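Undergrad: Provided below: final_30.csv, containing CSV, N, CA and C atoms.
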```csv
chain,number,residue,atom,x,y,z
A,292,LEU,N,13.8,3.3,-10.6
A,292,LEU,CA,14.3,2.5,-11.8
A,292,LEU,C,13.7,1.1,-11.7
A,293,GLY,N,13.7,0.5,-10.5
A,293,GLY,CA,13.2,-0.8,-10.3
A,293,GLY,C,11.7,-0.9,-10.7
A,294,TYR,N,10.9,0.1,-10.2
A,294,TYR,CA,9.5,0.1,-10.5
A,294,TYR,C,9.3,0.3,-12.0
A,295,ALA,N,10.1,1.1,-12.6
A,295,ALA,CA,9.9,1.3,-14.1
A,295,ALA,C,10.2,0.0,-14.8
A,296,LYS,N,11.3,-0.7,-14.4
A,296,LYS,CA,11.6,-2.0,-15.0
A,296,LYS,C,10.5,-2.9,-14.9
A,297,GLN,N,9.8,-3.0,-13.7
A,297,GLN,CA,8.7,-3.9,-13.5
A,297,GLN,C,7.6,-3.5,-14.4
A,298,GLN,N,7.3,-2.2,-14.6
A,298,GLN,CA,6.2,-1.8,-15.4
A,298,GLN,C,6.5,-2.2,-16.9
A,299,LEU,N,7.7,-2.3,-17.3
A,299,LEU,CA,8.1,-2.7,-18.6
A,299,LEU,C,8.1,-4.2,-18.8
A,300,GLY,N,7.7,-4.9,-17.8
A,300,GLY,CA,7.6,-6.4,-17.9
A,300,GLY,C,8.9,-7.1,-17.5
A,301,GLU,N,9.8,-6.4,-16.9
A,301,GLU,CA,11.1,-7.0,-16.4
A,301,GLU,C,11.0,-7.1,-14.9
A,302,ALA,N,10.0,-7.9,-14.5
A,302,ALA,CA,9.7,-8.0,-13.1
A,302,ALA,C,10.9,-8.5,-12.2
A,303,VAL,N,11.6,-9.5,-12.7
A,303,VAL,CA,12.7,-10.0,-11.9
A,303,VAL,C,13.8,-8.9,-11.6
A,304,ALA,N,14.2,-8.2,-12.7
A,304,ALA,CA,15.2,-7.2,-12.6
A,304,ALA,C,14.6,-6.0,-11.7
A,305,GLY,N,13.3,-5.7,-11.9
A,305,GLY,CA,12.7,-4.7,-11.1
A,305,GLY,C,12.7,-5.0,-9.6
A,306,HIS,N,12.4,-6.2,-9.3
A,306,HIS,CA,12.4,-6.6,-7.8
A,306,HIS,C,13.8,-6.5,-7.2
A,307,GLY,N,14.8,-6.9,-8.0
A,307,GLY,CA,16.2,-6.8,-7.5
A,307,GLY,C,16.6,-5.3,-7.2
A,308,ARG,N,16.3,-4.5,-8.2
A,308,ARG,CA,16.6,-3.1,-8.0
A,308,ARG,C,15.8,-2.4,-6.9
A,309,CYS,N,14.6,-2.8,-6.7
A,309,CYS,CA,13.8,-2.3,-5.6
A,309,CYS,C,14.4,-2.7,-4.3
A,310,GLY,N,14.8,-3.9,-4.2
A,310,GLY,CA,15.4,-4.4,-3.0
A,310,GLY,C,16.7,-3.7,-2.6
A,311,ARG,N,17.5,-3.4,-3.6
A,311,ARG,CA,18.7,-2.6,-3.3
A,311,ARG,C,18.4,-1.2,-2.9
A,312,ALA,N,17.4,-0.6,-3.6
A,312,ALA,CA,17.0,0.8,-3.2
A,312,ALA,C,16.4,0.8,-1.8
A,313,LEU,N,15.7,-0.2,-1.4
A,313,LEU,CA,15.1,-0.3,-0.1
A,313,LEU,C,16.2,-0.4,1.0
A,314,ASP,N,17.3,-1.2,0.7
A,314,ASP,CA,18.4,-1.3,1.6
A,314,ASP,C,19.0,0.1,1.8
A,315,LEU,N,19.2,0.9,0.7
A,315,LEU,CA,19.8,2.2,0.8
A,315,LEU,C,18.9,3.1,1.6
A,316,LEU,N,17.6,3.1,1.4
A,316,LEU,CA,16.7,3.9,2.2
A,316,LEU,C,16.7,3.6,3.6
A,317,ARG,N,16.8,2.3,4.0
A,317,ARG,CA,16.9,1.9,5.4
A,317,ARG,C,18.2,2.5,6.0
A,318,GLU,N,19.3,2.4,5.2
A,318,GLU,CA,20.6,2.9,5.7
A,318,GLU,C,20.5,4.4,6.0
A,319,VAL,N,19.8,5.2,5.2
A,319,VAL,CA,19.7,6.6,5.5
A,319,VAL,C,18.4,7.0,6.3
A,320,SER,N,17.7,6.0,6.8
A,320,SER,CA,16.5,6.2,7.7
A,320,SER,C,15.4,7.0,7.1
A,321,ASP,N,15.2,6.9,5.8
A,321,ASP,CA,14.1,7.6,5.1
A,321,ASP,C,12.8,6.8,5.1
A,322,ARG,N,12.1,6.9,6.3
A,322,ARG,CA,10.9,6.0,6.5
A,322,ARG,C,9.8,6.2,5.5
A,323,SER,N,9.6,7.5,5.1
A,323,SER,CA,8.5,7.8,4.2
A,323,SER,C,8.8,7.2,2.8
A,324,GLU,N,10.0,7.3,2.3
A,324,GLU,CA,10.4,6.7,1.0
A,324,GLU,C,10.4,5.2,1.1
A,325,GLN,N,10.8,4.6,2.3
A,325,GLN,CA,10.7,3.2,2.4
A,325,GLN,C,9.3,2.7,2.2
A,326,ALA,N,8.4,3.4,2.9
A,326,ALA,CA,7.0,3.0,2.8
A,326,ALA,C,6.5,3.0,1.4
A,327,GLY,N,6.8,4.1,0.7
A,327,GLY,CA,6.4,4.2,-0.7
A,327,GLY,C,7.0,3.1,-1.6
A,328,LEU,N,8.2,2.8,-1.4
A,328,LEU,CA,8.9,1.8,-2.2
A,328,LEU,C,8.3,0.4,-1.9
A,329,LEU,N,8.0,0.2,-0.6
A,329,LEU,CA,7.4,-1.1,-0.2
A,329,LEU,C,6.0,-1.2,-0.9
A,330,ALA,N,5.3,-0.2,-0.9
A,330,ALA,CA,3.9,-0.2,-1.5
A,330,ALA,C,4.1,-0.6,-3.0
A,331,ARG,N,5.0,0.1,-3.7
A,331,ARG,CA,5.2,-0.2,-5.1
A,331,ARG,C,5.7,-1.6,-5.3
A,332,LEU,N,6.6,-2.1,-4.4
A,332,LEU,CA,7.1,-3.4,-4.5
A,332,LEU,C,6.0,-4.4,-4.3
A,333,GLY,N,5.1,-4.1,-3.4
A,333,GLY,CA,3.9,-5.0,-3.3
A,333,GLY,C,3.1,-5.0,-4.5
A,334,ASP,N,2.9,-3.9,-5.2
A,334,ASP,CA,2.2,-3.8,-6.5
A,334,ASP,C,2.9,-4.7,-7.5
A,335,ALA,N,4.2,-4.7,-7.5
A,335,ALA,CA,5.0,-5.5,-8.5
A,335,ALA,C,4.8,-7.0,-8.2
A,336,TYR,N,4.8,-7.4,-6.9
A,336,TYR,CA,4.5,-8.8,-6.6
A,336,TYR,C,3.1,-9.2,-7.0
A,337,ARG,N,2.2,-8.3,-6.8
A,337,ARG,CA,0.8,-8.7,-7.2
A,337,ARG,C,0.7,-8.9,-8.7
A,338,THR,N,1.4,-8.0,-9.4
A,338,THR,CA,1.4,-8.1,-10.9
A,338,THR,C,1.9,-9.4,-11.4
A,339,VAL,N,2.9,-10.0,-10.7
A,339,VAL,CA,3.4,-11.3,-11.2
A,339,VAL,C,2.8,-12.5,-10.5
A,340,GLY,N,1.7,-12.2,-9.8
A,340,GLY,CA,0.9,-13.3,-9.1
A,340,GLY,C,1.4,-13.8,-7.8
A,341,GLU,N,2.4,-13.0,-7.2
A,341,GLU,CA,2.9,-13.4,-5.9
A,341,GLU,C,2.0,-12.7,-4.8
A,342,HIS,N,0.8,-13.1,-4.6
A,342,HIS,CA,-0.1,-12.4,-3.8
A,342,HIS,C,0.2,-12.4,-2.3
A,343,ALA,N,0.8,-13.5,-1.8
A,343,ALA,CA,1.2,-13.5,-0.4
A,343,ALA,C,2.3,-12.6,-0.1
A,344,ARG,N,3.3,-12.5,-1.1
A,344,ARG,CA,4.4,-11.6,-0.9
A,344,ARG,C,3.9,-10.1,-1.0
A,345,ALA,N,2.9,-9.9,-1.9
A,345,ALA,CA,2.4,-8.6,-2.1
A,345,ALA,C,1.8,-8.1,-0.8
A,346,ARG,N,0.9,-9.0,-0.2
A,346,ARG,CA,0.3,-8.6,1.1
A,346,ARG,C,1.3,-8.4,2.2
A,347,ALA,N,2.3,-9.2,2.3
A,347,ALA,CA,3.3,-9.0,3.3
A,347,ALA,C,4.0,-7.7,3.2
A,348,THR,N,4.3,-7.4,1.9
A,348,THR,CA,5.1,-6.2,1.6
A,348,THR,C,4.2,-4.9,1.9
A,349,TRP,N,2.9,-5.0,1.5
A,349,TRP,CA,2.0,-3.9,1.8
A,349,TRP,C,1.8,-3.7,3.3
A,350,ARG,N,1.8,-4.8,4.1
A,350,ARG,CA,1.7,-4.7,5.5
A,350,ARG,C,2.9,-4.0,6.1
A,351,GLN,N,4.1,-4.2,5.6
A,351,GLN,CA,5.3,-3.5,6.0
A,351,GLN,C,5.1,-2.0,5.7
A,352,SER,N,4.7,-1.7,4.5
A,352,SER,CA,4.5,-0.3,4.1
A,352,SER,C,3.4,0.3,5.1
A,353,LEU,N,2.4,-0.3,5.3
A,353,LEU,CA,1.3,0.2,6.1
A,353,LEU,C,1.8,0.5,7.6
A,354,ALA,N,2.6,-0.4,8.1
A,354,ALA,CA,3.1,-0.2,9.5
A,354,ALA,C,3.9,1.1,9.5
A,355,ILE,N,4.7,1.4,8.6
A,355,ILE,CA,5.5,2.6,8.5
A,355,ILE,C,4.6,3.8,8.4
A,356,LEU,N,3.7,3.7,7.4
A,356,LEU,CA,2.8,4.9,7.2
A,356,LEU,C,1.9,5.2,8.4
A,357,ASP,N,1.5,4.1,9.1
A,357,ASP,CA,0.7,4.4,10.3
A,357,ASP,C,1.5,5.0,11.4
A,358,GLU,N,2.8,4.6,11.5
A,358,GLU,CA,3.7,5.1,12.5
A,358,GLU,C,3.9,6.6,12.2
A,359,LEU,N,4.0,7.0,10.9
A,359,LEU,CA,4.3,8.4,10.5
A,359,LEU,C,3.0,9.2,10.4
A,360,HIS,N,1.8,8.6,10.7
A,360,HIS,CA,0.5,9.2,10.6
A,360,HIS,C,0.4,9.8,9.1
A,361,ASP,N,0.8,9.1,8.2
A,361,ASP,CA,0.8,9.5,6.8
A,361,ASP,C,-0.6,9.2,6.2
A,362,PRO,N,-1.2,10.1,5.5
A,362,PRO,CA,-2.6,9.9,4.9
A,362,PRO,C,-2.5,8.8,3.8
A,363,GLY,N,-1.3,8.5,3.3
A,363,GLY,CA,-1.2,7.4,2.3
A,363,GLY,C,-1.5,6.1,2.8
A,364,ALA,N,-1.6,6.0,4.2
A,364,ALA,CA,-1.9,4.7,4.8
A,364,ALA,C,-3.2,4.1,4.3
A,365,GLU,N,-4.2,5.0,4.1
A,365,GLU,CA,-5.5,4.5,3.7
A,365,GLU,C,-5.4,3.8,2.3
A,366,GLU,N,-4.6,4.3,1.4
A,366,GLU,CA,-4.5,3.7,0.1
A,366,GLU,C,-3.9,2.3,0.2
A,367,VAL,N,-2.9,2.2,1.0
A,367,VAL,CA,-2.2,0.9,1.2
A,367,VAL,C,-3.2,-0.1,1.9
A,368,ARG,N,-3.9,0.4,2.9
A,368,ARG,CA,-4.9,-0.4,3.6
A,368,ARG,C,-6.0,-0.9,2.6
A,369,SER,N,-6.4,0.0,1.7
A,369,SER,CA,-7.4,-0.5,0.7
A,369,SER,C,-6.8,-1.6,-0.2
A,370,ARG,N,-5.5,-1.6,-0.5
A,370,ARG,CA,-4.9,-2.6,-1.3
A,370,ARG,C,-5.0,-4.0,-0.5
A,371,LEU,N,-4.8,-3.9,0.8
A,371,LEU,CA,-4.8,-5.1,1.6
A,371,LEU,C,-6.2,-5.7,1.7
A,372,THR,N,-7.2,-4.8,1.7
A,372,THR,CA,-8.6,-5.3,1.8
A,372,THR,C,-9.2,-5.6,0.5
A,373,GLY,N,-8.4,-5.3,-0.6
A,373,GLY,CA,-8.9,-5.6,-1.9
A,373,GLY,C,-10.0,-4.7,-2.4
A,374,GLN,N,-10.1,-3.5,-1.8
A,374,GLN,CA,-11.2,-2.6,-2.2
A,374,GLN,C,-10.7,-1.6,-3.3
A,375,ALA,N,-9.4,-1.6,-3.6
A,375,ALA,CA,-9.0,-0.6,-4.6
A,375,ALA,C,-7.8,-1.2,-5.4
A,376,LEU,N,-7.7,-0.9,-6.6
A,376,LEU,CA,-6.5,-1.2,-7.4
A,376,LEU,C,-5.4,-0.2,-7.1
A,377,PRO,N,-4.1,-0.7,-7.0
A,377,PRO,CA,-3.0,0.2,-6.7
A,377,PRO,C,-2.9,1.3,-7.8
A,378,SER,N,-2.6,2.5,-7.4
A,378,SER,CA,-2.3,3.5,-8.3
A,378,SER,C,-0.8,3.7,-8.4
A,379,VAL,N,-0.3,4.3,-9.5
A,379,VAL,CA,1.1,4.6,-9.7
A,379,VAL,C,1.4,5.8,-8.8
A,380,SER,N,2.4,5.6,-7.9
A,380,SER,CA,2.8,6.7,-7.0
A,380,SER,C,4.1,7.4,-7.5
```
Any chance you could give the structure as structure tokens?
TA:
Amino acid sequence: LGYAKQQLGEAVAGHGRCGRALDLLREVSDRSEQAGLLARLGDAYRTVGEHARARATWRQSLAILDELHDPGAEEVRSRLTGQALPSVS
């Protein structure tokens, strides 16, 4: 829901909802979903021009994905190197 709100131009509301969702995912220890949400939250930060926050959030996502040996790590890594535009996950 947070990501959808961000896509509709309600970035502030979207960030808040993503933050609450992230807290819940941490509570239930769903690392894969945490990484995906962090990647999308990084995309939202980039959209509103918060590039430093986007990079920090993508780094958090990448750390989890690398830990899980998830192939999605390459997509997040490409966001950090600026070689690809983020896709909608």
Undergrad: Calculate how many Å separate atom N of Thr372 in chain A from CA of Asp321 in chain A, rounding to one decimal.
TA: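 So the answer is 24.9 Å.
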Undergrad: Considering all atoms listed in the file, return as a VMD selection string whatever protein or nucleic-acid residues lie within 8 Å of Gln351 in chain A, sequence-local ones (same chain, fewer than 6 positions apart) excluded.
TA: chain A and resid 325 to 326 329 to 330 345 357
Undergrad: Would you please work out which residue, of A:Ala364, A:Leu371, A:Leu328, A:Ala335, is nearest to Ala347 in chain A when using only C-alpha atoms?
TA: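 Residue with the minimum atom-to-atom distance to Ala347 in chain A: A:Leu371.
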Undergrad: Find the spatial neighbours of Ser323 in chain A, counting all atoms listed in the file, within a cut-off of 8 Å - ignore same-chain residues fewer than 6 positions away - and output them as a ChimeraX atom specification.
TA: /A:329,355-356,359
Undergrad: Pick the closest to Cys309 in chain A from A:Arg346, A:Ala354, A:Gly363, A:Leu332: which is it, counting only N, CA and C atoms?
TA: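 When distances to Cys309 in chain A are compared using only N, CA and C atoms, the smallest one comes from A:Leu332.
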Undergrad: Quick one: distance from CA of Glu365 in chain A to CA of Arg322 in chain A in Å, one decimal?
TA: 16.7 Å
Undergrad: Measure the distance from CA of Val339 in chain A to CA of Ser320 in chain A in Å and round it to one decimal.
TA: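 Interatomic distance, CA of Val339 in chain A to CA of Ser320 in chain A: 28.9 Å.
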Undergrad: Between A:Arg368, A:His360, A:Gly373, A:Thr348, which residue has the minimum interatomic distance to Arg331 in chain A, considering all atoms listed in the file?
TA: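 Closest candidate: A:Thr348.
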Undergrad: Using DSSP assignments from the backbone, pull out every residue in range 310-378 of chain A that falls under helix (DSSP H, G or I) and give it to me as a tab-separated table (two decimals) with N, CA and C atoms, in the frame of the given file.
TA:
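Full text of states_7.tsv as output:
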```tsv
chain	number	residue	atom	x	y	z
A	310	GLY	N	14.80	-3.90	-4.20
A	310	GLY	CA	15.40	-4.40	-3.00
A	310	GLY	C	16.70	-3.70	-2.60
A	311	ARG	N	17.50	-3.40	-3.60
A	311	ARG	CA	18.70	-2.60	-3.30
A	311	ARG	C	18.40	-1.20	-2.90
A	312	ALA	N	17.40	-0.60	-3.60
A	312	ALA	CA	17.00	0.80	-3.20
A	312	ALA	C	16.40	0.80	-1.80
A	313	LEU	N	15.70	-0.20	-1.40
A	313	LEU	CA	15.10	-0.30	-0.10
A	313	LEU	C	16.20	-0.40	1.00
A	314	ASP	N	17.30	-1.20	0.70
A	314	ASP	CA	18.40	-1.30	1.60
A	314	ASP	C	19.00	0.10	1.80
A	315	LEU	N	19.20	0.90	0.70
A	315	LEU	CA	19.80	2.20	0.80
A	315	LEU	C	18.90	3.10	1.60
A	316	LEU	N	17.60	3.10	1.40
A	316	LEU	CA	16.70	3.90	2.20
A	316	LEU	C	16.70	3.60	3.60
A	317	ARG	N	16.80	2.30	4.00
A	317	ARG	CA	16.90	1.90	5.40
A	317	ARG	C	18.20	2.50	6.00
A	318	GLU	N	19.30	2.40	5.20
A	318	GLU	CA	20.60	2.90	5.70
A	318	GLU	C	20.50	4.40	6.00
A	322	ARG	N	12.10	6.90	6.30
A	322	ARG	CA	10.90	6.00	6.50
A	322	ARG	C	9.80	6.20	5.50
A	323	SER	N	9.60	7.50	5.10
A	323	SER	CA	8.50	7.80	4.20
A	323	SER	C	8.80	7.20	2.80
A	324	GLU	N	10.00	7.30	2.30
A	324	GLU	CA	10.40	6.70	1.00
A	324	GLU	C	10.40	5.20	1.10
A	325	GLN	N	10.80	4.60	2.30
A	325	GLN	CA	10.70	3.20	2.40
A	325	GLN	C	9.30	2.70	2.20
A	326	ALA	N	8.40	3.40	2.90
A	326	ALA	CA	7.00	3.00	2.80
A	326	ALA	C	6.50	3.00	1.40
A	327	GLY	N	6.80	4.10	0.70
A	327	GLY	CA	6.40	4.20	-0.70
A	327	GLY	C	7.00	3.10	-1.60
A	328	LEU	N	8.20	2.80	-1.40
A	328	LEU	CA	8.90	1.80	-2.20
A	328	LEU	C	8.30	0.40	-1.90
A	329	LEU	N	8.00	0.20	-0.60
A	329	LEU	CA	7.40	-1.10	-0.20
A	329	LEU	C	6.00	-1.20	-0.90
A	330	ALA	N	5.30	-0.20	-0.90
A	330	ALA	CA	3.90	-0.20	-1.50
A	330	ALA	C	4.10	-0.60	-3.00
A	331	ARG	N	5.00	0.10	-3.70
A	331	ARG	CA	5.20	-0.20	-5.10
A	331	ARG	C	5.70	-1.60	-5.30
A	332	LEU	N	6.60	-2.10	-4.40
A	332	LEU	CA	7.10	-3.40	-4.50
A	332	LEU	C	6.00	-4.40	-4.30
A	333	GLY	N	5.10	-4.10	-3.40
A	333	GLY	CA	3.90	-5.00	-3.30
A	333	GLY	C	3.10	-5.00	-4.50
A	334	ASP	N	2.90	-3.90	-5.20
A	334	ASP	CA	2.20	-3.80	-6.50
A	334	ASP	C	2.90	-4.70	-7.50
A	335	ALA	N	4.20	-4.70	-7.50
A	335	ALA	CA	5.00	-5.50	-8.50
A	335	ALA	C	4.80	-7.00	-8.20
A	336	TYR	N	4.80	-7.40	-6.90
A	336	TYR	CA	4.50	-8.80	-6.60
A	336	TYR	C	3.10	-9.20	-7.00
A	337	ARG	N	2.20	-8.30	-6.80
A	337	ARG	CA	0.80	-8.70	-7.20
A	337	ARG	C	0.70	-8.90	-8.70
A	338	THR	N	1.40	-8.00	-9.40
A	338	THR	CA	1.40	-8.10	-10.90
A	338	THR	C	1.90	-9.40	-11.40
A	342	HIS	N	0.80	-13.10	-4.60
A	342	HIS	CA	-0.10	-12.40	-3.80
A	342	HIS	C	0.20	-12.40	-2.30
A	343	ALA	N	0.80	-13.50	-1.80
A	343	ALA	CA	1.20	-13.50	-0.40
A	343	ALA	C	2.30	-12.60	-0.10
A	344	ARG	N	3.30	-12.50	-1.10
A	344	ARG	CA	4.40	-11.60	-0.90
A	344	ARG	C	3.90	-10.10	-1.00
A	345	ALA	N	2.90	-9.90	-1.90
A	345	ALA	CA	2.40	-8.60	-2.10
A	345	ALA	C	1.80	-8.10	-0.80
A	346	ARG	N	0.90	-9.00	-0.20
A	346	ARG	CA	0.30	-8.60	1.10
A	346	ARG	C	1.30	-8.40	2.20
A	347	ALA	N	2.30	-9.20	2.30
A	347	ALA	CA	3.30	-9.00	3.30
A	347	ALA	C	4.00	-7.70	3.20
A	348	THR	N	4.30	-7.40	1.90
A	348	THR	CA	5.10	-6.20	1.60
A	348	THR	C	4.20	-4.90	1.90
A	349	TRP	N	2.90	-5.00	1.50
A	349	TRP	CA	2.00	-3.90	1.80
A	349	TRP	C	1.80	-3.70	3.30
A	350	ARG	N	1.80	-4.80	4.10
A	350	ARG	CA	1.70	-4.70	5.50
A	350	ARG	C	2.90	-4.00	6.10
A	351	GLN	N	4.10	-4.20	5.60
A	351	GLN	CA	5.30	-3.50	6.00
A	351	GLN	C	5.10	-2.00	5.70
A	352	SER	N	4.70	-1.70	4.50
A	352	SER	CA	4.50	-0.30	4.10
A	352	SER	C	3.40	0.30	5.10
A	353	LEU	N	2.40	-0.30	5.30
A	353	LEU	CA	1.30	0.20	6.10
A	353	LEU	C	1.80	0.50	7.60
A	354	ALA	N	2.60	-0.40	8.10
A	354	ALA	CA	3.10	-0.20	9.50
A	354	ALA	C	3.90	1.10	9.50
A	355	ILE	N	4.70	1.40	8.60
A	355	ILE	CA	5.50	2.60	8.50
A	355	ILE	C	4.60	3.80	8.40
A	356	LEU	N	3.70	3.70	7.40
A	356	LEU	CA	2.80	4.90	7.20
A	356	LEU	C	1.90	5.20	8.40
A	357	ASP	N	1.50	4.10	9.10
A	357	ASP	CA	0.70	4.40	10.30
A	357	ASP	C	1.50	5.00	11.40
A	358	GLU	N	2.80	4.60	11.50
A	358	GLU	CA	3.70	5.10	12.50
A	358	GLU	C	3.90	6.60	12.20
A	364	ALA	N	-1.60	6.00	4.20
A	364	ALA	CA	-1.90	4.70	4.80
A	364	ALA	C	-3.20	4.10	4.30
A	365	GLU	N	-4.20	5.00	4.10
A	365	GLU	CA	-5.50	4.50	3.70
A	365	GLU	C	-5.40	3.80	2.30
A	366	GLU	N	-4.60	4.30	1.40
A	366	GLU	CA	-4.50	3.70	0.10
A	366	GLU	C	-3.90	2.30	0.20
A	367	VAL	N	-2.90	2.20	1.00
A	367	VAL	CA	-2.20	0.90	1.20
A	367	VAL	C	-3.20	-0.10	1.90
A	368	ARG	N	-3.90	0.40	2.90
A	368	ARG	CA	-4.90	-0.40	3.60
A	368	ARG	C	-6.00	-0.90	2.60
A	369	SER	N	-6.40	0.00	1.70
A	369	SER	CA	-7.40	-0.50	0.70
A	369	SER	C	-6.80	-1.60	-0.20
A	370	ARG	N	-5.50	-1.60	-0.50
A	370	ARG	CA	-4.90	-2.60	-1.30
A	370	ARG	C	-5.00	-4.00	-0.50
A	371	LEU	N	-4.80	-3.90	0.80
A	371	LEU	CA	-4.80	-5.10	1.60
A	371	LEU	C	-6.20	-5.70	1.70
A	372	THR	N	-7.20	-4.80	1.70
A	372	THR	CA	-8.60	-5.30	1.80
A	372	THR	C	-9.20	-5.60	0.50
```
